[in-house]
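Visitor: PDB, C-alpha atoms, saved as run-v1.pdb, coming up:
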```
MODEL        1
ATOM      1  CA  ASN U   1     151.274 177.813  25.427
ATOM      2  CA  ASN U   2     154.776 178.451  24.114
ATOM      3  CA  LYS U   3     154.636 175.234  22.107
ATOM      4  CA  ILE U   4     151.264 176.209  20.646
ATOM      5  CA  GLN U   5     152.579 179.652  19.730
ATOM      6  CA  LEU U   6     155.663 178.112  18.121
ATOM      7  CA  ASN U   7     153.528 175.712  16.082
ATOM      8  CA  THR U   8     151.292 178.581  15.015
ATOM      9  CA  MET U   9     154.308 180.635  13.933
ATOM     10  CA  ILE U  10     155.684 177.701  11.923
ATOM     11  CA  GLU U  11     152.308 177.127  10.252
ATOM     12  CA  ASP U  12     151.996 180.814   9.361
ATOM     13  CA  LEU U  13     155.555 180.876   8.011
ATOM     14  CA  ALA U  14     154.914 177.734   5.963
ATOM     15  CA  LYS U  15     151.747 179.214   4.469
ATOM     16  CA  LEU U  16     153.583 182.445   3.625
ATOM     17  CA  CYS U  17     156.371 180.489   1.941
ATOM     18  CA  GLY U  18     153.711 178.515   0.076
ATOM     19  CA  LYS U  19     152.365 181.757  -1.368
ATOM     20  CA  LEU U  20     155.806 183.136  -2.243
ATOM     21  CA  ALA U  21     157.288 179.901  -3.624
ATOM     22  CA  PRO U  22     155.340 179.884  -6.923
ATOM     23  CA  ILE U  23     156.210 183.532  -7.564
ATOM     24  CA  MET U  24     159.893 182.944  -6.896
ATOM     25  CA  GLY U  25     159.834 179.720  -8.902
ATOM     26  CA  ILE U  26     158.444 181.506 -11.942
ATOM     27  CA  CYS U  27     161.062 184.254 -11.529
ATOM     28  CA  VAL U  28     163.801 181.608 -11.605
ATOM     29  CA  TYR U  29     162.253 180.065 -14.726
ATOM     30  CA  MET U  30     162.295 183.530 -16.338
ATOM     31  CA  ALA U  31     165.998 184.023 -15.571
ATOM     32  CA  PRO U  32     167.227 182.896 -19.040
ATOM     33  CA  THR U  33     164.943 185.389 -20.841
ATOM     34  CA  SER U  34     167.685 187.965 -21.455
ATOM     35  CA  THR U  35     170.065 185.286 -22.762
ATOM     36  CA  ILE U  36     167.456 183.926 -25.171
ATOM     37  CA  TYR U  37     166.619 187.452 -26.297
ATOM     38  CA  ASN U  38     170.298 188.012 -27.114
ATOM     39  CA  VAL U  39     170.369 184.740 -29.071
ATOM     40  CA  TRP U  40     167.296 185.829 -31.047
ATOM     41  CA  ASN U  41     168.646 189.351 -31.579
ATOM     42  CA  GLU U  42     172.141 188.265 -32.650
ATOM     43  CA  GLN U  43     170.900 185.114 -34.423
ATOM     44  CA  LYS U  44     173.723 183.005 -33.013
ATOM     45  CA  VAL U  45     174.294 180.929 -29.888
ATOM     46  CA  GLY U  46     178.089 181.025 -29.697
ATOM     47  CA  ASP U  47     179.350 178.438 -27.197
ATOM     48  CA  LEU U  48     176.206 178.479 -25.081
ATOM     49  CA  PRO U  49     174.721 175.060 -24.195
ATOM     50  CA  LEU U  50     171.271 173.796 -25.132
ATOM     51  CA  ALA U  51     171.250 171.320 -22.238
ATOM     52  CA  PRO U  52     169.807 173.772 -19.651
ATOM     53  CA  TYR U  53     166.643 174.271 -21.684
ATOM     54  CA  THR U  54     166.272 170.564 -22.392
ATOM     55  CA  SER U  55     166.509 169.812 -18.684
ATOM     56  CA  MET U  56     164.111 172.665 -17.935
ATOM     57  CA  ILE U  57     161.458 171.121 -20.212
ATOM     58  CA  CYS U  58     161.936 167.654 -18.711
ATOM     59  CA  ASN U  59     161.975 168.868 -15.122
ATOM     60  CA  SER U  60     158.945 171.127 -15.579
ATOM     61  CA  PHE U  61     156.933 168.432 -17.341
ATOM     62  CA  VAL U  62     157.561 165.898 -14.582
ATOM     63  CA  TRP U  63     156.614 168.323 -11.795
ATOM     64  CA  PHE U  64     153.628 169.631 -13.730
ATOM     65  CA  THR U  65     152.407 166.029 -13.995
ATOM     66  CA  TYR U  66     153.088 165.419 -10.301
ATOM     67  CA  GLY U  67     151.243 168.607  -9.309
ATOM     68  CA  VAL U  68     148.205 167.665 -11.386
ATOM     69  CA  MET U  69     148.138 164.115  -9.997
ATOM     70  CA  ARG U  70     148.522 165.322  -6.392
ATOM     71  CA  GLN U  71     146.134 168.221  -7.028
ATOM     72  CA  ILE U  72     148.614 170.817  -5.763
ATOM     73  CA  PRO U  73     147.958 174.054  -7.729
ATOM     74  CA  MET U  74     151.148 175.793  -6.587
ATOM     75  CA  VAL U  75     153.183 172.971  -8.120
ATOM     76  CA  TRP U  76     151.403 172.523 -11.443
ATOM     77  CA  ILE U  77     150.907 176.253 -12.058
ATOM     78  CA  THR U  78     154.574 177.046 -11.409
ATOM     79  CA  ASN U  79     155.868 174.182 -13.490
ATOM     80  CA  GLY U  80     153.264 174.603 -16.211
ATOM     81  CA  THR U  81     154.658 178.122 -16.625
ATOM     82  CA  GLY U  82     158.194 176.727 -16.565
ATOM     83  CA  LEU U  83     157.271 174.152 -19.205
ATOM     84  CA  ALA U  84     155.860 176.811 -21.530
ATOM     85  CA  LEU U  85     158.929 179.027 -21.062
ATOM     86  CA  GLY U  86     161.265 176.059 -21.535
ATOM     87  CA  ILE U  87     159.641 175.199 -24.864
ATOM     88  CA  VAL U  88     160.005 178.822 -26.008
ATOM     89  CA  TYR U  89     163.666 178.970 -24.913
ATOM     90  CA  PHE U  90     164.414 175.643 -26.568
ATOM     91  CA  SER U  91     162.669 176.622 -29.818
ATOM     92  CA  VAL U  92     164.430 179.963 -30.175
ATOM     93  CA  PHE U  93     167.813 178.484 -29.247
ATOM     94  CA  SER U  94     167.379 175.577 -31.693
ATOM     95  CA  CYS U  95     166.692 177.953 -34.582
ATOM     96  CA  TYR U  96     170.219 179.354 -34.341
ATOM     97  CA  ALA U  97     172.111 176.375 -32.922
ATOM     98  CA  PRO U  98     174.588 174.403 -35.048
ATOM     99  CA  VAL U  99     173.510 170.981 -36.287
ATOM    100  CA  GLN U 100     175.915 169.395 -33.828
ATOM    101  CA  SER U 101     178.375 170.819 -31.324
ATOM    102  CA  SER U 102     180.324 169.723 -28.264
ATOM    103  CA  THR U 103     178.987 172.774 -26.411
ATOM    104  CA  LEU U 104     175.303 171.836 -26.835
ATOM    105  CA  PRO U 105     176.376 168.995 -26.246
ATOM    106  CA  GLY U 106     175.487 166.605 -29.076
ATOM    107  CA  SER U 107     172.829 167.630 -31.585
ATOM    108  CA  VAL U 108     169.429 169.282 -31.352
ATOM    109  CA  ALA U 109     167.840 166.030 -32.542
ATOM    110  CA  GLN U 110     169.496 164.136 -29.678
ATOM    111  CA  HIS U 111     168.128 166.669 -27.196
ATOM    112  CA  VAL U 112     164.636 166.268 -28.631
ATOM    113  CA  MET U 113     164.986 162.495 -28.359
ATOM    114  CA  ALA U 114     166.230 162.676 -24.756
ATOM    115  CA  ALA U 115     163.393 164.984 -23.708
ATOM    116  CA  SER U 116     160.868 162.755 -25.467
ATOM    117  CA  CYS U 117     162.179 159.716 -23.587
ATOM    118  CA  ILE U 118     161.837 161.486 -20.226
ATOM    119  CA  ILE U 119     158.309 162.626 -21.074
ATOM    120  CA  ILE U 120     157.278 159.129 -22.185
ATOM    121  CA  LEU U 121     158.837 157.649 -19.037
ATOM    122  CA  CYS U 122     156.962 160.166 -16.896
ATOM    123  CA  LEU U 123     153.650 159.380 -18.569
ATOM    124  CA  GLY U 124     154.317 155.666 -18.185
ATOM    125  CA  LEU U 125     155.056 156.034 -14.467
ATOM    126  CA  ALA U 126     151.983 158.211 -14.022
ATOM    127  CA  THR U 127     149.778 155.672 -15.784
ATOM    128  CA  PHE U 128     151.030 152.443 -14.232
ATOM    129  CA  LEU U 129     152.782 153.302 -10.949
ATOM    130  CA  GLY U 130     151.173 156.502  -9.738
ATOM    131  CA  ALA U 131     152.225 159.923  -8.475
ATOM    132  CA  GLY U 132     154.803 158.573  -6.020
ATOM    133  CA  MET U 133     157.045 157.262  -8.793
ATOM    134  CA  VAL U 134     156.593 160.469 -10.781
ATOM    135  CA  GLY U 135     157.782 162.341  -7.683
ATOM    136  CA  ASN U 136     160.820 160.079  -7.412
ATOM    137  CA  LEU U 137     161.668 160.788 -11.050
ATOM    138  CA  GLY U 138     161.284 164.496 -10.313
ATOM    139  CA  ILE U 139     163.654 164.248  -7.355
ATOM    140  CA  PHE U 140     166.285 162.611  -9.550
ATOM    141  CA  LEU U 141     165.950 165.258 -12.276
ATOM    142  CA  CYS U 142     166.061 168.096  -9.740
ATOM    143  CA  VAL U 143     169.268 166.807  -8.204
ATOM    144  CA  VAL U 144     170.858 166.533 -11.656
ATOM    145  CA  MET U 145     169.689 170.008 -12.692
ATOM    146  CA  PHE U 146     170.733 171.838  -9.544
ATOM    147  CA  ALA U 147     173.997 169.951  -9.111
ATOM    148  CA  SER U 148     175.066 170.725 -12.681
ATOM    149  CA  PRO U 149     176.284 174.268 -11.900
ATOM    150  CA  LEU U 150     178.911 172.683  -9.670
ATOM    151  CA  ALA U 151     180.642 171.870 -12.962
ATOM    152  CA  ALA U 152     181.967 175.415 -12.607
ATOM    153  CA  LEU U 153     183.825 174.362  -9.459
ATOM    154  CA  LYS U 154     186.936 173.247 -11.362
ATOM    155  CA  VAL U 155     187.086 176.555 -13.246
ATOM    156  CA  VAL U 156     186.625 178.543 -10.039
ATOM    157  CA  LEU U 157     189.408 176.664  -8.247
ATOM    158  CA  GLN U 158     191.775 176.890 -11.234
ATOM    159  CA  THR U 159     191.273 180.606 -11.899
ATOM    160  CA  LYS U 160     190.702 181.659  -8.284
ATOM    161  CA  SER U 161     187.764 183.621  -9.658
ATOM    162  CA  ALA U 162     184.017 182.958  -9.375
ATOM    163  CA  ASP U 163     183.097 184.559 -12.708
ATOM    164  CA  ALA U 164     181.551 181.215 -13.667
ATOM    165  CA  ILE U 165     178.991 181.574 -10.861
ATOM    166  CA  PRO U 166     176.301 184.240 -11.428
ATOM    167  CA  LEU U 167     175.488 185.945  -8.123
ATOM    168  CA  PRO U 168     171.909 187.100  -8.956
ATOM    169  CA  PHE U 169     170.802 183.641 -10.114
ATOM    170  CA  THR U 170     172.529 181.931  -7.201
ATOM    171  CA  LEU U 171     170.793 184.196  -4.682
ATOM    172  CA  ALA U 172     167.463 183.666  -6.446
ATOM    173  CA  SER U 173     168.017 179.898  -6.287
ATOM    174  CA  VAL U 174     168.767 180.035  -2.558
ATOM    175  CA  ILE U 175     165.608 182.029  -1.816
ATOM    176  CA  ASN U 176     163.497 179.856  -4.126
ATOM    177  CA  CYS U 177     164.729 176.642  -2.496
ATOM    178  CA  ILE U 178     164.101 177.998   1.005
ATOM    179  CA  PHE U 179     160.489 178.852   0.144
ATOM    180  CA  TRP U 180     159.780 175.458  -1.433
ATOM    181  CA  SER U 181     161.605 173.540   1.314
ATOM    182  CA  VAL U 182     159.694 175.239   4.135
ATOM    183  CA  SER U 183     156.369 174.866   2.321
ATOM    184  CA  GLY U 184     157.000 171.220   1.443
ATOM    185  CA  LEU U 185     158.194 170.320   4.930
ATOM    186  CA  PHE U 186     155.744 172.173   7.172
ATOM    187  CA  ASP U 187     152.688 172.829   4.977
ATOM    188  CA  LEU U 188     152.421 170.224   2.221
ATOM    189  CA  HIS U 189     154.277 167.540   4.229
ATOM    190  CA  ASP U 190     155.481 166.090   0.933
ATOM    191  CA  TYR U 191     158.985 164.594   0.747
ATOM    192  CA  ALA U 192     158.941 164.887  -3.055
ATOM    193  CA  ILE U 193     158.799 168.661  -2.576
ATOM    194  CA  TYR U 194     161.185 169.284   0.303
ATOM    195  CA  VAL U 195     163.876 166.642  -0.350
ATOM    196  CA  PRO U 196     164.999 167.918  -3.794
ATOM    197  CA  ASN U 197     164.734 171.526  -2.687
ATOM    198  CA  LEU U 198     166.825 170.942   0.437
ATOM    199  CA  LEU U 199     169.468 169.275  -1.741
ATOM    200  CA  ALA U 200     169.242 172.093  -4.277
ATOM    201  CA  LEU U 201     169.582 174.592  -1.426
ATOM    202  CA  ALA U 202     172.799 172.885  -0.349
ATOM    203  CA  PHE U 203     174.185 173.044  -3.904
ATOM    204  CA  SER U 204     173.228 176.711  -4.214
ATOM    205  CA  LEU U 205     174.838 177.565  -0.864
ATOM    206  CA  VAL U 206     178.083 175.916  -2.003
ATOM    207  CA  GLN U 207     178.090 178.143  -5.081
ATOM    208  CA  LEU U 208     177.319 181.200  -2.944
ATOM    209  CA  LEU U 209     180.197 180.316  -0.622
ATOM    210  CA  LEU U 210     182.574 180.024  -3.591
ATOM    211  CA  LYS U 211     181.348 183.394  -4.855
ATOM    212  CA  ILE U 212     182.079 184.980  -1.479
ATOM    213  CA  ILE U 213     185.516 183.357  -1.187
ATOM    214  CA  TYR U 214     186.814 184.010  -4.710
ATOM    215  CA  GLY U 215     184.693 186.935  -5.929
ATOM    216  CA  SER U 216     184.794 188.004  -9.588
ATOM    217  CA  THR U 217     187.321 189.526 -11.940
ATOM    218  CA  GLY U 218     184.720 190.851 -14.353
ATOM    219  CA  ARG U 219     185.715 188.422 -17.101
ATOM    220  CA  GLN U 220     183.101 186.466 -19.007
ATOM    221  CA  TRP U 221     182.958 182.702 -18.877
ATOM    222  CA  SER U 222     181.191 180.649 -21.523
ATOM    223  CA  GLY U 223     181.578 177.155 -20.107
ATOM    224  CA  MET U 224     178.739 174.665 -20.139
ATOM    225  CA  VAL U 225     176.753 175.371 -16.986
ATOM    226  CA  PRO U 226     172.940 175.398 -16.839
ATOM    227  CA  LEU U 227     170.443 178.184 -17.228
ATOM    228  CA  GLU U 228     171.928 181.634 -16.686
ATOM    229  CA  GLN U 229     175.532 180.470 -16.409
ATOM    230  CA  GLU U 230     176.273 182.438 -19.552
ATOM    231  CA  GLU U 231     175.411 185.487 -17.444
ATOM    232  CA  GLU U 232     173.518 182.351 -15.231
ATOM    233  CA  GLU U 233     168.134 177.291 -13.239
ATOM    234  CA  GLY U 234     164.167 175.927 -10.382
ATOM    235  CA  GLU U 235     161.115 172.992  -8.803
ATOM    236  CA  ASP U 236     163.310 174.479  -8.685
ATOM    237  CA  MET U 237     160.583 173.402  -8.804
TER     238      MET U 237
ENDMDL
END
```
Represent the supplied structure as structure tokens.

Guide:
Amino acid sequence: NNKIQLNTMIEDLAKLCGKLAPIMGICVYMAPTSTIYNVWNEQKVGDLPLAPYTSMICNSFVWFTYGVMRQIPMVWITNGTGLALGIVYFSVFSCYAPVQSSTLPGSVAQHVMAASCIIILCLGLATFLGAGMVGNLGIFLCVVMFASPLAALKVVLQTKSADAIPLPFTLASVINCIFWSVSGLFDLHDYAIYVPNLLALAFSLVQLLLKIIYGSTGRQWSGMVPLEQEEEEGEDM
């Protein structure tokens, strides 16, 4: 009886996380909105990087494709929203970005080319090798995207300040990854969902630990770290 009750509790928790995960995922995708609004309002990007929005488009496209192929609405709806937002962020940012800059890095044209290559690769995998390979590509992109904020680690250790790590986004990432990990592990039973989110959760917890240890001085940091690392991405997801 206790085992049955435990299994029932886990199933209920997994279903609840499955309902909350898309909402939290979309919230994470909306995190850069204020930054993009400032770019549009001030008509300049300063030293902010374009890379986060390029990776957001690529990541969202791959998981949108995977969700459609696997017929998992919570995945394709969340990432379809992320894809649309990523295109808007990228478009607005590109309007005011320099032709080429080390902070982007590279040029806008190179970012367009890189994103196009990922999209073509994704479509090729989907056509010839199936959803499993698309999921593997998604896992790789997720690891790259969520591990990128650890680039702030050197700055944090040098300055003994965690200004480079945004607390609100980090907390949102932790919660988002927990929801997707639990849902993927106990409800969807899909390694392509829970593996990248468990890894992303680990990366986010490292950042949270650094934030707790070093705190903030209130200074701004404009280094090249994804999504809301200017203030600041989801799958997640």

Visitor: Quick one: everything within 10 Å of Gly124 of chain U, counting all atoms listed in the file, minus sequence neighbours fewer than 5 positions away in the same chain. Send it as a list of chain:residue names.

Guide: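 In the requested format, the answer is U:Ile118, U:Ile119, U:Leu129, U:Gly130, U:Met133, U:Val134.
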
Visitor: Save the residues we just selected, C-alpha atoms, as a PDB file, keeping the file's coordinate frame?

Guide:
```
ATOM      1  CA  ILE U 118     161.837 161.486 -20.226  1.00  0.00           C
ATOM      2  CA  ILE U 119     158.309 162.626 -21.074  1.00  0.00           C
ATOM      3  CA  LEU U 129     152.782 153.302 -10.949  1.00  0.00           C
ATOM      4  CA  GLY U 130     151.173 156.502  -9.738  1.00  0.00           C
ATOM      5  CA  MET U 133     157.045 157.262  -8.793  1.00  0.00           C
ATOM      6  CA  VAL U 134     156.593 160.469 -10.781  1.00  0.00           C
TER       7      VAL U 134
END
```

Visitor: Just the number, please: distance in Å from atom CA of Leu13 of chain U to atom CA of Leu171 of chain U, one decimal.

Guide: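 A separation of 20.1 Å between them.
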
Visitor: Considering all atoms listed in the file, tabulate each residue of segment 17-93 of chain U that lies at most 6 Å from segment 179-191 of chain U along with its nearest interatomic pair and the corresponding distance in Å to one decimal; arrange the rows by chain and ascending residue number and present them as a tab-separated table.

Guide:
```
residue	atom	partner	partner_atom	distance
U:Cys17	CA	U:Phe179	CA	4.8
U:Gly18	CA	U:Ser183	CA	5.0
U:Ala21	CA	U:Phe179	CA	5.1
```

Visitor: If the PyMOL selection byres ((chain U and resi 45) around 9) were run on this exact file, what residues would it hold? Put them as a PyMOL selection string.

Guide: chain U and resi 36+38-40+42-44+46-49+93-94+96-98

Visitor: Quick one, how far is atom CA of Tyr89 of chain U from atom CA of Cys122 of chain U?

Guide: 21.5 Å

Visitor: Evaluate the PyMOL selection byres ((chain U and resi 68) around 12) here and jot the selected residues down as a list in words.

Guide: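 Answer for the PyMOL selection byres ((chain U and resi 68) around 12): Phe61, Val62, Trp63, Phe64, Thr65, Tyr66, Gly67, Met69, Arg70, Gln71, Ile72, Pro73, Met74, Val75, Trp76, Ile77, Thr78, Asn79, Gly80, Ala126, Gly130, Ala131, Val134 and Gly135 of chain U.
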
Visitor: Rounded to one decimal, what separation in Å do you get between atom CA of Leu121 of chain U and atom CA of Ile23 of chain U?

Guide: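 Between atom CA of Leu121 of chain U and atom CA of Ile23 of chain U the gap is 28.4 Å.
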
Visitor: Name every residue that the PyMOL selection byres ((chain U and resi 102-108) around 12) selects in this structure, writing the answer as a ChimeraX atom specification with chains first and numbers rising.

Guide: /U:45-54,90-101,109-115,222-226

Visitor: List as a ChimeraX atom specification the protein and nucleic acid residues near segment 213-215 of chain U, meaning an atom at most 9 Å away when only C-alpha atoms are counted, but skip any in the same chain fewer than 4 places from it.

Guide: /U:156-157,160-163,208-209

Visitor: With distances taken over only C-alpha atoms, which of U:Met30, U:Val144, U:Ile212, U:Leu125 is nearest to Gly86 of chain U?

Guide: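 Closest candidate: U:Met30.
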
Visitor: Using all atoms listed in the file, pick whichever of U:Thr127, U:Asn2, U:Ser60, U:Thr159 has the shortest atom-to-atom distance to Ile26 of chain U.

Guide: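 Looking at the shortest contact to Ile26 of chain U, the residue is U:Ser60.
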
Visitor: Regenerate segment 194-205 of chain U at the level of all heavy atoms and dump it as a compact mmCIF listing (two decimals), keeping the file's coordinate frame.

Guide:
```txt
# COMPACT_ATOMS: atom_id res chain seq x y z
N TYR U 194 160.11 168.71 -0.51
CA TYR U 194 161.18 169.28 0.30
C TYR U 194 162.54 168.61 0.14
O TYR U 194 163.58 169.27 0.26
CB TYR U 194 160.80 169.35 1.79
CG TYR U 194 160.57 168.03 2.50
CD1 TYR U 194 161.63 167.22 2.89
CD2 TYR U 194 159.28 167.62 2.82
CE1 TYR U 194 161.41 166.03 3.57
CE2 TYR U 194 159.05 166.43 3.51
CZ TYR U 194 160.12 165.64 3.88
OH TYR U 194 159.90 164.46 4.56
N VAL U 195 162.58 167.32 -0.20
CA VAL U 195 163.88 166.64 -0.35
C VAL U 195 164.71 167.24 -1.48
O VAL U 195 165.87 167.64 -1.27
CB VAL U 195 163.70 165.12 -0.55
CG1 VAL U 195 165.01 164.48 -1.01
CG2 VAL U 195 163.24 164.47 0.74
N PRO U 196 164.17 167.35 -2.72
CA PRO U 196 165.00 167.92 -3.79
C PRO U 196 165.35 169.38 -3.56
O PRO U 196 166.43 169.83 -3.95
CB PRO U 196 164.13 167.75 -5.05
CG PRO U 196 162.74 167.65 -4.54
CD PRO U 196 162.85 166.93 -3.23
N ASN U 197 164.45 170.11 -2.92
CA ASN U 197 164.73 171.53 -2.69
C ASN U 197 165.76 171.74 -1.58
O ASN U 197 166.53 172.70 -1.63
CB ASN U 197 163.43 172.27 -2.38
CG ASN U 197 162.66 172.58 -3.65
OD1 ASN U 197 163.02 173.47 -4.41
ND2 ASN U 197 161.59 171.83 -3.88
N LEU U 198 165.78 170.85 -0.59
CA LEU U 198 166.82 170.94 0.44
C LEU U 198 168.19 170.61 -0.17
O LEU U 198 169.20 171.26 0.14
CB LEU U 198 166.51 169.99 1.59
CG LEU U 198 165.39 170.41 2.53
CD1 LEU U 198 165.07 169.30 3.53
CD2 LEU U 198 165.76 171.70 3.28
N LEU U 199 168.22 169.62 -1.05
CA LEU U 199 169.47 169.28 -1.74
C LEU U 199 169.91 170.42 -2.65
O LEU U 199 171.08 170.79 -2.68
CB LEU U 199 169.28 167.99 -2.56
CG LEU U 199 169.09 166.71 -1.76
CD1 LEU U 199 168.75 165.54 -2.68
CD2 LEU U 199 170.34 166.38 -0.94
N ALA U 200 168.94 170.97 -3.38
CA ALA U 200 169.24 172.09 -4.28
C ALA U 200 169.73 173.30 -3.48
O ALA U 200 170.62 174.04 -3.92
CB ALA U 200 168.00 172.46 -5.09
N LEU U 201 169.15 173.50 -2.30
CA LEU U 201 169.58 174.59 -1.43
C LEU U 201 171.04 174.41 -1.02
O LEU U 201 171.82 175.36 -1.03
CB LEU U 201 168.69 174.64 -0.18
CG LEU U 201 169.06 175.68 0.89
CD1 LEU U 201 169.01 177.09 0.30
CD2 LEU U 201 168.11 175.56 2.08
N ALA U 202 171.41 173.17 -0.72
CA ALA U 202 172.80 172.88 -0.35
C ALA U 202 173.74 173.19 -1.50
O ALA U 202 174.80 173.82 -1.32
CB ALA U 202 172.93 171.42 0.07
N PHE U 203 173.36 172.77 -2.73
CA PHE U 203 174.18 173.04 -3.90
C PHE U 203 174.32 174.56 -4.14
O PHE U 203 175.40 175.05 -4.45
CB PHE U 203 173.57 172.39 -5.15
CG PHE U 203 173.56 170.89 -5.10
CD1 PHE U 203 172.49 170.16 -5.61
CD2 PHE U 203 174.61 170.18 -4.54
CE1 PHE U 203 172.48 168.77 -5.57
CE2 PHE U 203 174.61 168.80 -4.49
CZ PHE U 203 173.54 168.09 -5.01
N SER U 204 173.21 175.27 -3.99
CA SER U 204 173.23 176.71 -4.21
C SER U 204 174.08 177.43 -3.17
O SER U 204 174.79 178.40 -3.48
CB SER U 204 171.80 177.26 -4.19
OG SER U 204 171.02 176.72 -5.22
N LEU U 205 174.03 176.96 -1.93
CA LEU U 205 174.84 177.56 -0.86
C LEU U 205 176.33 177.34 -1.10
O LEU U 205 177.15 178.21 -0.78
CB LEU U 205 174.42 177.01 0.50
CG LEU U 205 173.05 177.48 1.01
CD1 LEU U 205 172.68 176.74 2.29
CD2 LEU U 205 173.05 178.99 1.25
```
